[in-house]
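The structure file start-v4.pdb is reproduced below (PDB, C-alpha atoms and all ligand atoms).
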```
ATOM      1  CA  MET A   1     124.306  86.824 119.169  1.00  0.00           C
ATOM      2  CA  ASP A   2     121.635  86.076 121.730  1.00  0.00           C
ATOM      3  CA  LEU A   3     119.409  89.107 121.572  1.00  0.00           C
ATOM      4  CA  CYS A   4     118.129  89.731 125.044  1.00  0.00           C
ATOM      5  CA  ARG A   5     117.033  93.190 126.185  1.00  0.00           C
ATOM      6  CA  ASP A   6     120.362  93.959 127.900  1.00  0.00           C
ATOM      7  CA  VAL A   7     122.441  93.092 124.832  1.00  0.00           C
ATOM      8  CA  ILE A   8     120.231  95.240 122.595  1.00  0.00           C
ATOM      9  CA  LEU A   9     120.383  98.171 125.023  1.00  0.00           C
ATOM     10  CA  LYS A  10     124.169  97.927 125.086  1.00  0.00           C
ATOM     11  CA  GLU A  11     124.317  97.973 121.276  1.00  0.00           C
ATOM     12  CA  LEU A  12     121.797 100.806 121.022  1.00  0.00           C
ATOM     13  CA  ARG A  13     123.725 102.924 123.478  1.00  0.00           C
ATOM     14  CA  LYS A  14     126.732 102.774 121.154  1.00  0.00           C
ATOM     15  CA  ILE A  15     124.891 104.168 118.139  1.00  0.00           C
ATOM     16  CA  GLN A  16     122.034 106.294 119.472  1.00  0.00           C
ATOM     17  CA  GLY A  17     122.164 109.698 121.112  1.00  0.00           C
ATOM     18  CA  ARG A  18     120.533 110.192 124.494  1.00  0.00           C
ATOM     19  CA  GLU A  19     117.165 111.342 123.143  1.00  0.00           C
ATOM     20  CA  LEU A  20     116.818 108.557 120.597  1.00  0.00           C
ATOM     21  CA  PHE A  21     117.956 105.959 123.130  1.00  0.00           C
ATOM     22  CA  THR A  22     115.308 107.189 125.565  1.00  0.00           C
ATOM     23  CA  HIS A  23     112.711 107.019 122.771  1.00  0.00           C
ATOM     24  CA  SER A  24     113.709 103.428 121.926  1.00  0.00           C
ATOM     25  CA  LYS A  25     113.276 102.336 125.546  1.00  0.00           C
ATOM     26  CA  ALA A  26     109.980 104.193 125.934  1.00  0.00           C
ATOM     27  CA  THR A  27     108.644 102.761 122.659  1.00  0.00           C
ATOM     28  CA  SER A  28     109.497  99.311 123.933  1.00  0.00           C
ATOM     29  CA  GLN A  29     107.748  99.906 127.232  1.00  0.00           C
ATOM     30  CA  MET A  30     104.631 101.123 125.420  1.00  0.00           C
ATOM     31  CA  ALA A  31     104.717  98.310 122.833  1.00  0.00           C
ATOM     32  CA  VAL A  32     104.976  95.603 125.506  1.00  0.00           C
ATOM     33  CA  SER A  33     102.122  97.171 127.446  1.00  0.00           C
ATOM     34  CA  LEU A  34      99.908  97.389 124.331  1.00  0.00           C
ATOM     35  CA  ALA A  35     100.725  93.783 123.405  1.00  0.00           C
ATOM     36  CA  GLU A  36      99.985  92.472 126.904  1.00  0.00           C
ATOM     37  CA  ASN A  37      96.677  94.308 126.904  1.00  0.00           C
ATOM     38  CA  LEU A  38      95.746  92.905 123.468  1.00  0.00           C
ATOM     39  CA  ASN A  39      96.672  89.383 124.612  1.00  0.00           C
ATOM     40  CA  ILE A  40      94.390  89.736 127.633  1.00  0.00           C
ATOM     41  CA  LYS A  41      91.501  91.087 125.569  1.00  0.00           C
ATOM     42  CA  ASN A  42      91.950  88.548 122.796  1.00  0.00           C
ATOM     43  CA  PRO A  43      94.015  85.523 123.917  1.00  0.00           C
ATOM     44  CA  SER A  44      93.759  83.940 120.465  1.00  0.00           C
ATOM     45  CA  LEU A  45      96.126  86.646 119.158  1.00  0.00           C
ATOM     46  CA  LYS A  46      98.987  85.053 121.141  1.00  0.00           C
ATOM     47  CA  ILE A  47     101.301  88.005 120.478  1.00  0.00           C
ATOM     48  CA  ASP A  48     104.879  87.075 121.342  1.00  0.00           C
ATOM     49  CA  ILE A  49     105.876  89.648 123.967  1.00  0.00           C
ATOM     50  CA  LYS A  50     109.587  88.833 123.692  1.00  0.00           C
ATOM     51  CA  LYS A  51     109.487  89.568 119.955  1.00  0.00           C
ATOM     52  CA  VAL A  52     107.540  92.772 120.588  1.00  0.00           C
ATOM     53  CA  GLU A  53     110.255  93.877 122.985  1.00  0.00           C
ATOM     54  CA  ILE A  54     113.041  93.140 120.489  1.00  0.00           C
ATOM     55  CA  ALA A  55     111.292  94.785 117.510  1.00  0.00           C
ATOM     56  CA  SER A  56     110.352  97.902 119.456  1.00  0.00           C
ATOM     57  CA  LEU A  57     113.828  98.357 120.919  1.00  0.00           C
ATOM     58  CA  LEU A  58     115.365  97.971 117.457  1.00  0.00           C
ATOM     59  CA  HIS A  59     112.795  99.908 115.415  1.00  0.00           C
ATOM     60  CA  ASP A  60     114.908 103.101 115.167  1.00  0.00           C
ATOM     61  CA  TRP A  61     118.276 101.407 114.767  1.00  0.00           C
ATOM     62  CA  ALA A  62     118.970 103.473 111.626  1.00  0.00           C
ATOM     63  CA  LYS A  63     117.157 106.647 112.689  1.00  0.00           C
ATOM     64  CA  GLY A  64     120.348 108.552 113.461  1.00  0.00           C
ATOM     65  CA  PHE A  65     122.027 107.643 110.159  1.00  0.00           C
ATOM     66  CA  SER A  66     122.755 110.500 107.712  1.00  0.00           C
ATOM     67  CA  LYS A  67     120.796 110.744 104.458  1.00  0.00           C
ATOM     68  CA  SER A  68     123.793 109.646 102.425  1.00  0.00           C
ATOM     69  CA  LYS A  69     124.440 106.692 104.740  1.00  0.00           C
ATOM     70  CA  LEU A  70     120.789 105.619 104.453  1.00  0.00           C
ATOM     71  CA  ILE A  71     120.901 105.771 100.648  1.00  0.00           C
ATOM     72  CA  GLY A  72     124.306 104.052 100.572  1.00  0.00           C
ATOM     73  CA  LEU A  73     123.115 101.201 102.783  1.00  0.00           C
ATOM     74  CA  ALA A  74     119.840 100.871 100.864  1.00  0.00           C
ATOM     75  CA  LYS A  75     121.888 100.399  97.701  1.00  0.00           C
ATOM     76  CA  LYS A  76     124.348  98.068  99.417  1.00  0.00           C
ATOM     77  CA  TYR A  77     121.530  95.827 100.661  1.00  0.00           C
ATOM     78  CA  LYS A  78     119.724  96.091  97.299  1.00  0.00           C
ATOM     79  CA  LEU A  79     116.550  97.496  98.829  1.00  0.00           C
ATOM     80  CA  ASN A  80     114.016  98.932  96.425  1.00  0.00           C
ATOM     81  CA  ILE A  81     114.230 102.693  96.840  1.00  0.00           C
ATOM     82  CA  ASP A  82     111.236 104.553  95.486  1.00  0.00           C
ATOM     83  CA  ASP A  83     111.035 108.166  94.387  1.00  0.00           C
ATOM     84  CA  PHE A  84     109.519 109.252  97.686  1.00  0.00           C
ATOM     85  CA  GLU A  85     112.385 107.756  99.660  1.00  0.00           C
ATOM     86  CA  LEU A  86     114.977 109.293  97.344  1.00  0.00           C
ATOM     87  CA  LYS A  87     113.445 112.733  97.941  1.00  0.00           C
ATOM     88  CA  ASN A  88     113.062 112.089 101.666  1.00  0.00           C
ATOM     89  CA  PRO A  89     115.785 109.585 102.653  1.00  0.00           C
ATOM     90  CA  GLY A  90     114.735 109.773 106.304  1.00  0.00           C
ATOM     91  CA  LEU A  91     111.899 107.438 105.345  1.00  0.00           C
ATOM     92  CA  LEU A  92     114.526 104.787 104.638  1.00  0.00           C
ATOM     93  CA  HIS A  93     115.422 104.369 108.317  1.00  0.00           C
ATOM     94  CA  GLY A  94     112.761 101.655 108.635  1.00  0.00           C
ATOM     95  CA  PRO A  95     113.780  99.408 105.724  1.00  0.00           C
ATOM     96  CA  VAL A  96     117.499 100.139 106.181  1.00  0.00           C
ATOM     97  CA  GLY A  97     117.232  99.499 109.932  1.00  0.00           C
ATOM     98  CA  ALA A  98     115.603  96.123 109.236  1.00  0.00           C
ATOM     99  CA  ALA A  99     118.358  95.196 106.776  1.00  0.00           C
ATOM    100  CA  VAL A 100     121.137  96.279 109.128  1.00  0.00           C
ATOM    101  CA  VAL A 101     119.837  94.448 112.205  1.00  0.00           C
ATOM    102  CA  GLU A 102     119.451  91.346 110.049  1.00  0.00           C
ATOM    103  CA  LYS A 103     123.016  91.523 108.726  1.00  0.00           C
ATOM    104  CA  LYS A 104     124.834  92.960 111.757  1.00  0.00           C
ATOM    105  CA  LEU A 105     122.883  91.540 114.706  1.00  0.00           C
ATOM    106  CA  GLY A 106     121.729  88.339 113.035  1.00  0.00           C
ATOM    107  CA  VAL A 107     118.014  89.024 113.528  1.00  0.00           C
ATOM    108  CA  LYS A 108     116.374  86.561 111.169  1.00  0.00           C
ATOM    109  CA  ASP A 109     112.824  86.684 112.451  1.00  0.00           C
ATOM    110  CA  ARG A 110     110.595  87.914 109.605  1.00  0.00           C
ATOM    111  CA  VAL A 111     107.905  89.189 112.003  1.00  0.00           C
ATOM    112  CA  ILE A 112     110.398  91.450 113.776  1.00  0.00           C
ATOM    113  CA  LEU A 113     112.051  92.616 110.540  1.00  0.00           C
ATOM    114  CA  LYS A 114     108.719  93.474 108.867  1.00  0.00           C
ATOM    115  CA  ALA A 115     107.586  95.566 111.844  1.00  0.00           C
ATOM    116  CA  ILE A 116     110.859  97.533 111.798  1.00  0.00           C
ATOM    117  CA  LYS A 117     110.626  97.998 108.032  1.00  0.00           C
ATOM    118  CA  ASN A 118     107.064  99.362 108.116  1.00  0.00           C
ATOM    119  CA  HIS A 119     107.084 101.441 111.270  1.00  0.00           C
ATOM    120  CA  THR A 120     107.546 104.863 109.622  1.00  0.00           C
ATOM    121  CA  THR A 121     105.199 104.902 106.640  1.00  0.00           C
ATOM    122  CA  GLY A 122     102.859 102.148 107.711  1.00  0.00           C
ATOM    123  CA  ASP A 123     101.603  99.719 105.083  1.00  0.00           C
ATOM    124  CA  SER A 124      98.386  98.075 103.935  1.00  0.00           C
ATOM    125  CA  SER A 125      99.769  94.680 104.933  1.00  0.00           C
ATOM    126  CA  MET A 126     100.453  95.585 108.570  1.00  0.00           C
ATOM    127  CA  SER A 127      99.812  92.724 110.991  1.00  0.00           C
ATOM    128  CA  VAL A 128      98.668  93.313 114.563  1.00  0.00           C
ATOM    129  CA  PHE A 129     102.316  92.913 115.537  1.00  0.00           C
ATOM    130  CA  ASP A 130     103.387  95.622 113.050  1.00  0.00           C
ATOM    131  CA  LYS A 131     100.621  97.911 114.309  1.00  0.00           C
ATOM    132  CA  ILE A 132     101.782  97.543 117.920  1.00  0.00           C
ATOM    133  CA  ILE A 133     105.246  98.867 116.992  1.00  0.00           C
ATOM    134  CA  PHE A 134     103.709 101.515 114.709  1.00  0.00           C
ATOM    135  CA  VAL A 135     101.365 102.844 117.399  1.00  0.00           C
ATOM    136  CA  ALA A 136     103.813 102.530 120.318  1.00  0.00           C
ATOM    137  CA  ASP A 137     106.387 104.580 118.384  1.00  0.00           C
ATOM    138  CA  HIS A 138     103.844 107.368 118.074  1.00  0.00           C
ATOM    139  CA  ILE A 139     102.405 107.400 121.601  1.00  0.00           C
ATOM    140  CA  GLU A 140     105.314 106.431 123.864  1.00  0.00           C
ATOM    141  CA  MET A 141     105.333 108.440 127.087  1.00  0.00           C
ATOM    142  CA  ASN A 142     107.841 111.074 125.913  1.00  0.00           C
ATOM    143  CA  ARG A 143     105.724 112.050 122.915  1.00  0.00           C
ATOM    144  CA  ASP A 144     104.019 115.358 123.412  1.00  0.00           C
ATOM    145  CA  TYR A 145     101.488 116.632 120.912  1.00  0.00           C
ATOM    146  CA  ARG A 146      97.822 117.536 120.887  1.00  0.00           C
ATOM    147  CA  MET A 147      95.719 114.373 121.152  1.00  0.00           C
ATOM    148  CA  VAL A 148      98.523 112.127 122.384  1.00  0.00           C
ATOM    149  CA  GLU A 149      96.838 111.558 125.754  1.00  0.00           C
ATOM    150  CA  GLU A 150      93.587 110.722 124.020  1.00  0.00           C
ATOM    151  CA  ILE A 151      95.225 108.253 121.621  1.00  0.00           C
ATOM    152  CA  ARG A 152      97.036 106.579 124.551  1.00  0.00           C
ATOM    153  CA  GLY A 153      93.693 105.972 126.225  1.00  0.00           C
ATOM    154  CA  ILE A 154      92.001 104.784 123.045  1.00  0.00           C
ATOM    155  CA  ALA A 155      94.899 102.418 122.291  1.00  0.00           C
ATOM    156  CA  VAL A 156      93.950 100.506 125.441  1.00  0.00           C
ATOM    157  CA  ASP A 157      90.194 100.453 124.829  1.00  0.00           C
ATOM    158  CA  ASP A 158      89.969 100.274 121.033  1.00  0.00           C
ATOM    159  CA  PHE A 159      93.280  99.447 119.378  1.00  0.00           C
ATOM    160  CA  LYS A 160      91.951  99.570 115.794  1.00  0.00           C
ATOM    161  CA  GLN A 161      90.707 103.096 116.398  1.00  0.00           C
ATOM    162  CA  ALA A 162      94.127 104.102 117.752  1.00  0.00           C
ATOM    163  CA  VAL A 163      95.774 102.764 114.586  1.00  0.00           C
ATOM    164  CA  ILE A 164      93.494 104.992 112.512  1.00  0.00           C
ATOM    165  CA  MET A 165      94.266 108.007 114.692  1.00  0.00           C
ATOM    166  CA  VAL A 166      98.015 107.481 114.417  1.00  0.00           C
ATOM    167  CA  ILE A 167      97.847 107.224 110.612  1.00  0.00           C
ATOM    168  CA  GLU A 168      95.567 110.285 110.570  1.00  0.00           C
ATOM    169  CA  ASN A 169      98.105 112.241 112.636  1.00  0.00           C
ATOM    170  CA  LYS A 170     100.956 111.225 110.386  1.00  0.00           C
ATOM    171  CA  ILE A 171      98.996 112.308 107.304  1.00  0.00           C
ATOM    172  CA  PHE A 172      98.076 115.654 108.923  1.00  0.00           C
ATOM    173  CA  TYR A 173     101.725 116.237 109.766  1.00  0.00           C
ATOM    174  CA  VAL A 174     102.831 115.598 106.190  1.00  0.00           C
ATOM    175  CA  LEU A 175     100.049 117.792 104.759  1.00  0.00           C
ATOM    176  CA  GLN A 176     100.906 120.621 107.139  1.00  0.00           C
ATOM    177  CA  LYS A 177     104.498 120.518 105.981  1.00  0.00           C
ATOM    178  CA  ARG A 178     103.277 120.427 102.352  1.00  0.00           C
ATOM    179  CA  ALA A 179     105.551 117.409 102.008  1.00  0.00           C
ATOM    180  CA  LEU A 180     105.179 114.314  99.875  1.00  0.00           C
ATOM    181  CA  LEU A 181     102.797 111.733 101.262  1.00  0.00           C
ATOM    182  CA  HIS A 182     104.126 108.224 100.807  1.00  0.00           C
ATOM    183  CA  PRO A 183     101.661 105.899  98.993  1.00  0.00           C
ATOM    184  CA  LYS A 184     102.238 103.261 101.683  1.00  0.00           C
ATOM    185  CA  THR A 185     100.762 105.653 104.263  1.00  0.00           C
ATOM    186  CA  ILE A 186      97.693 106.162 102.074  1.00  0.00           C
ATOM    187  CA  SER A 187      97.308 102.414 101.638  1.00  0.00           C
ATOM    188  CA  ALA A 188      97.737 101.927 105.398  1.00  0.00           C
ATOM    189  CA  TRP A 189      94.939 104.431 105.936  1.00  0.00           C
ATOM    190  CA  ASN A 190      92.603 102.695 103.471  1.00  0.00           C
ATOM    191  CA  ALA A 191      93.335  99.284 104.975  1.00  0.00           C
ATOM    192  CA  ALA A 192      92.690 100.523 108.523  1.00  0.00           C
ATOM    193  CA  ILE A 193      89.375 102.120 107.521  1.00  0.00           C
ATOM    194  CA  LYS A 194      88.261  98.959 105.693  1.00  0.00           C
ATOM    195  CA  GLU A 195      89.181  96.866 108.723  1.00  0.00           C
ATOM    196  CA  GLN A 196      87.212  99.122 111.042  1.00  0.00           C
ATOM    197  CA  ARG A 197      84.097  98.632 108.893  1.00  0.00           C
ATOM    198  CA  ARG A 198      84.421  94.863 108.852  1.00  0.00           C
TER     199      ARG A 198
HETATM  200 FE    FE A 201     111.383 105.635 113.298  1.00  0.00          FE
HETATM  201 FE    FE A 202     110.689 105.750 116.639  1.00  0.00          FE
END
```

Please go through the file and, once you have read it, give me the structure as structure tokens.
Amino acid sequence: MDLCRDVILKELRKIQGRELFTHSKATSQMAVSLAENLNIKNPSLKIDIKKVEIASLLHDWAKGFSKSKLIGLAKKYKLNIDDFELKNPGLLHGPVGAAVVEKKLGVKDRVILKAIKNHTTGDSSMSVFDKIIFVADHIEMNRDYRMVEEIRGIAVDDFKQAVIMVIENKIFYVLQKRALLHPKTISAWNAAIKEQRR
């Protein structure tokens, strides 16, 4: 399947409700804009805009799946499920989404698949590409929370700082809910802070 924007949108429309579909499109718009800005500021990055568009459109492919479907597919595709994901299967929509778009849509590109896999928890190994999807998901234009406007502005001027703020927000959210904090989010935080100090 040739995965152009129109084909992906057609597939997404079949499996996503209106709100999620709108979020997918808005995340893509934001991700492309962040990537174009980063390419202008640092041409050596050479971020592939086409791949950014595909990864961002597909990032929540499995978001609407039920908990049991997520666990079933994770087992089917032999993904490593950790304790945190078993207790909160919603976290699996990243890794399961990556596995499903690989098997069902034939997406073989490792860069795209890794960004989809890591977009929820974050990870210490996030590339700039991964971070674009990670940040865009959190600040797309339909998102509405305290600080979102500020992070949108900072994402343009100081992308590394925006990455830190997004991870910080995610951690706050989990702490407020007194929920389990995934170790990958902690490692993403530590990696982002180390990178800022470099
Ligand atoms: Fe997601
Ligand atoms: Fe999302």

- prompt: So what does the PyMOL selection byres (((chain A and resi 186) around 10) and not hetatm) actually pick up in this one, as a PyMOL selection string?
  reply: chain A and resi 121-124+167-168+171+181-185+187-192

- request: List the residues matched by the PyMOL selection byres (((chain A and resi 144-157) around 10) and not hetatm) in the displayed structure as JSON, numbers by chain, ordered by chain and then by residue number.
  value: {"A": [30, 33, 34, 35, 37, 38, 41, 132, 135, 136, 138, 139, 140, 141, 142, 143, 158, 159, 160, 161, 162, 163, 164, 165, 166, 169]}

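Neighbouring residues of ligand FE 202 (chain A) at a cut-off of 9 Å, counting all atoms listed in the file, are Leu20, His23, Ser24, Thr27, Ser56, His59, Asp60, Trp61, Lys63, His119, Thr120, Ile133, Phe134, Ala136, Asp137 and His138 of chain A.
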
message: When you look at segment 68-76 of chain A with a cut-off of 10 Å (counting all atoms listed in the file), what residues show up, excluding the ones that are within fewer than 5 positions of it in the same chain? I need them as a list in words.
response: Ala62, Lys63, Ile81, Glu85, Leu86, Pro89, Gly90, Leu91, Leu92, His93, Gly94, Pro95, Val96, Gly97, Ala99 and Val100 of chain A

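Nearest-residue note for Phe21 of chain A: choosing from A:Leu57, A:Cys4, A:Ile40, A:Ala115, the minimum distance belongs to A:Leu57, counting all atoms listed in the file.
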
Please report, as lines of an AutoDock Vina configuration file, the centre and edge lengths in Å to one decimal of an axis-aligned box covering all listed atoms of segment 71-90 of chain A with 6 Å per side.
```
center_x = 116.9
center_y = 104.3
center_z = 100.3
size_x = 26.8
size_y = 28.9
size_z = 23.9
```

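For the pair atom CA of Val174 of chain A and atom CA of Asn88 of chain A, the separation is 11.7 Å.
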
Polymer residues at most 12 Å from (116.3, 91.3, 113.1) by all atoms listed in the file, as a VMD selection string: chain A and resid 1 to 3 8 51 to 59 61 94 to 117

Please save C-alpha atoms of the selected residues as a compact mmCIF listing (two decimals), keeping the file's coordinate frame.
```
# COMPACT_ATOMS: atom_id res chain seq x y z
CA MET A 1 124.31 86.82 119.17
CA ASP A 2 121.64 86.08 121.73
CA LEU A 3 119.41 89.11 121.57
CA ILE A 8 120.23 95.24 122.60
CA LYS A 51 109.49 89.57 119.96
CA VAL A 52 107.54 92.77 120.59
CA GLU A 53 110.26 93.88 122.98
CA ILE A 54 113.04 93.14 120.49
CA ALA A 55 111.29 94.78 117.51
CA SER A 56 110.35 97.90 119.46
CA LEU A 57 113.83 98.36 120.92
CA LEU A 58 115.36 97.97 117.46
CA HIS A 59 112.80 99.91 115.42
CA TRP A 61 118.28 101.41 114.77
CA GLY A 94 112.76 101.66 108.64
CA PRO A 95 113.78 99.41 105.72
CA VAL A 96 117.50 100.14 106.18
CA GLY A 97 117.23 99.50 109.93
CA ALA A 98 115.60 96.12 109.24
CA ALA A 99 118.36 95.20 106.78
CA VAL A 100 121.14 96.28 109.13
CA VAL A 101 119.84 94.45 112.20
CA GLU A 102 119.45 91.35 110.05
CA LYS A 103 123.02 91.52 108.73
CA LYS A 104 124.83 92.96 111.76
CA LEU A 105 122.88 91.54 114.71
CA GLY A 106 121.73 88.34 113.04
CA VAL A 107 118.01 89.02 113.53
CA LYS A 108 116.37 86.56 111.17
CA ASP A 109 112.82 86.68 112.45
CA ARG A 110 110.60 87.91 109.60
CA VAL A 111 107.90 89.19 112.00
CA ILE A 112 110.40 91.45 113.78
CA LEU A 113 112.05 92.62 110.54
CA LYS A 114 108.72 93.47 108.87
CA ALA A 115 107.59 95.57 111.84
CA ILE A 116 110.86 97.53 111.80
CA LYS A 117 110.63 98.00 108.03
```

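Relative to atom CA of Lys131 of chain A, atom CA of Ile15 of chain A is found at 25.4 Å.
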
message: I need the residue nearest ligand FE 201 (chain A) from this list: A:Glu11, A:Phe65, A:Lys194, A:Val128. Use only C-alpha atoms and all ligand atoms for the distance.
response: A:Phe65

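The gap separating atom CA of Lys25 of chain A from atom CA of Arg13 of chain A is 10.7 Å, in Å to one decimal.
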
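Using all atoms listed in the file, the shortest contact distance between ligand FE 201 (chain A) and any of A:Asn118, A:Phe172, A:Arg198, A:Arg178 is found at A:Asn118.
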
task: Could you check which of A:Gly64, A:Asn80, A:Leu12, A:Asp48 is closest to ligand FE 201 (chain A), using only C-alpha atoms and all ligand atoms?
output: A:Gly64

Could you complete segment 182-191 of chain A so that it carries all heavy atoms, and give it back as a CSV table (one decimal), keeping the file's coordinate frame?
```
chain,number,residue,atom,x,y,z
A,182,HIS,N,103.7,109.5,101.4
A,182,HIS,CA,104.1,108.2,100.8
A,182,HIS,C,102.9,107.4,100.5
A,182,HIS,O,102.0,107.3,101.4
A,182,HIS,CB,105.1,107.5,101.8
A,182,HIS,CG,105.8,106.4,101.1
A,182,HIS,ND1,105.2,105.2,100.7
A,182,HIS,CD2,107.1,106.3,100.7
A,182,HIS,CE1,106.2,104.5,100.1
A,182,HIS,NE2,107.3,105.1,100.1
A,183,PRO,N,102.8,106.7,99.3
A,183,PRO,CA,101.7,105.9,99.0
A,183,PRO,C,101.4,104.8,100.0
A,183,PRO,O,100.2,104.4,100.2
A,183,PRO,CB,102.0,105.3,97.6
A,183,PRO,CG,103.1,106.1,97.1
A,183,PRO,CD,103.8,106.8,98.3
A,184,LYS,N,102.5,104.3,100.7
A,184,LYS,CA,102.2,103.3,101.7
A,184,LYS,C,101.4,103.8,102.9
A,184,LYS,O,100.7,103.0,103.5
A,184,LYS,CB,103.6,102.7,102.2
A,184,LYS,CG,104.2,101.7,101.2
A,184,LYS,CD,105.6,101.3,101.7
A,184,LYS,CE,105.6,100.4,102.8
A,184,LYS,NZ,106.9,99.9,103.2
A,185,THR,N,101.6,105.1,103.2
A,185,THR,CA,100.8,105.7,104.3
A,185,THR,C,99.3,105.8,103.8
A,185,THR,O,98.4,105.5,104.6
A,185,THR,CB,101.3,107.0,104.7
A,185,THR,OG1,102.7,106.9,104.9
A,185,THR,CG2,100.7,107.6,105.9
A,186,ILE,N,99.1,106.1,102.6
A,186,ILE,CA,97.7,106.2,102.1
A,186,ILE,C,97.1,104.8,102.1
A,186,ILE,O,95.9,104.6,102.5
A,186,ILE,CB,97.7,106.7,100.6
A,186,ILE,CG1,98.2,108.2,100.6
A,186,ILE,CG2,96.2,106.7,100.1
A,186,ILE,CD1,98.4,108.8,99.2
A,187,SER,N,97.9,103.8,101.7
A,187,SER,CA,97.3,102.4,101.6
A,187,SER,C,97.1,101.9,103.1
A,187,SER,O,96.2,101.1,103.3
A,187,SER,CB,98.2,101.5,100.8
A,187,SER,OG,99.4,101.2,101.4
A,188,ALA,N,97.9,102.3,104.0
A,188,ALA,CA,97.7,101.9,105.4
A,188,ALA,C,96.4,102.5,105.9
A,188,ALA,O,95.6,101.9,106.6
A,188,ALA,CB,98.9,102.4,106.3
A,189,TRP,N,96.2,103.8,105.5
A,189,TRP,CA,94.9,104.4,105.9
A,189,TRP,C,93.7,103.7,105.4
A,189,TRP,O,92.8,103.3,106.1
A,189,TRP,CB,94.9,105.9,105.4
A,189,TRP,CG,93.6,106.6,105.5
A,189,TRP,CD1,92.7,106.7,104.6
A,189,TRP,CD2,93.1,107.2,106.7
A,189,TRP,NE1,91.6,107.4,105.1
A,189,TRP,CE2,91.8,107.7,106.4
A,189,TRP,CE3,93.6,107.3,108.0
A,189,TRP,CZ2,91.0,108.4,107.3
A,189,TRP,CZ3,92.7,108.0,109.0
A,189,TRP,CH2,91.5,108.5,108.6
A,190,ASN,N,93.7,103.4,104.1
A,190,ASN,CA,92.6,102.7,103.5
A,190,ASN,C,92.4,101.3,104.1
A,190,ASN,O,91.2,100.9,104.4
A,190,ASN,CB,92.8,102.6,102.0
A,190,ASN,CG,92.7,103.9,101.3
A,190,ASN,OD1,92.0,104.8,101.7
A,190,ASN,ND2,93.3,104.0,100.1
A,191,ALA,N,93.5,100.6,104.4
A,191,ALA,CA,93.3,99.3,105.0
A,191,ALA,C,92.7,99.4,106.4
A,191,ALA,O,91.9,98.6,106.8
A,191,ALA,CB,94.7,98.6,105.0
```
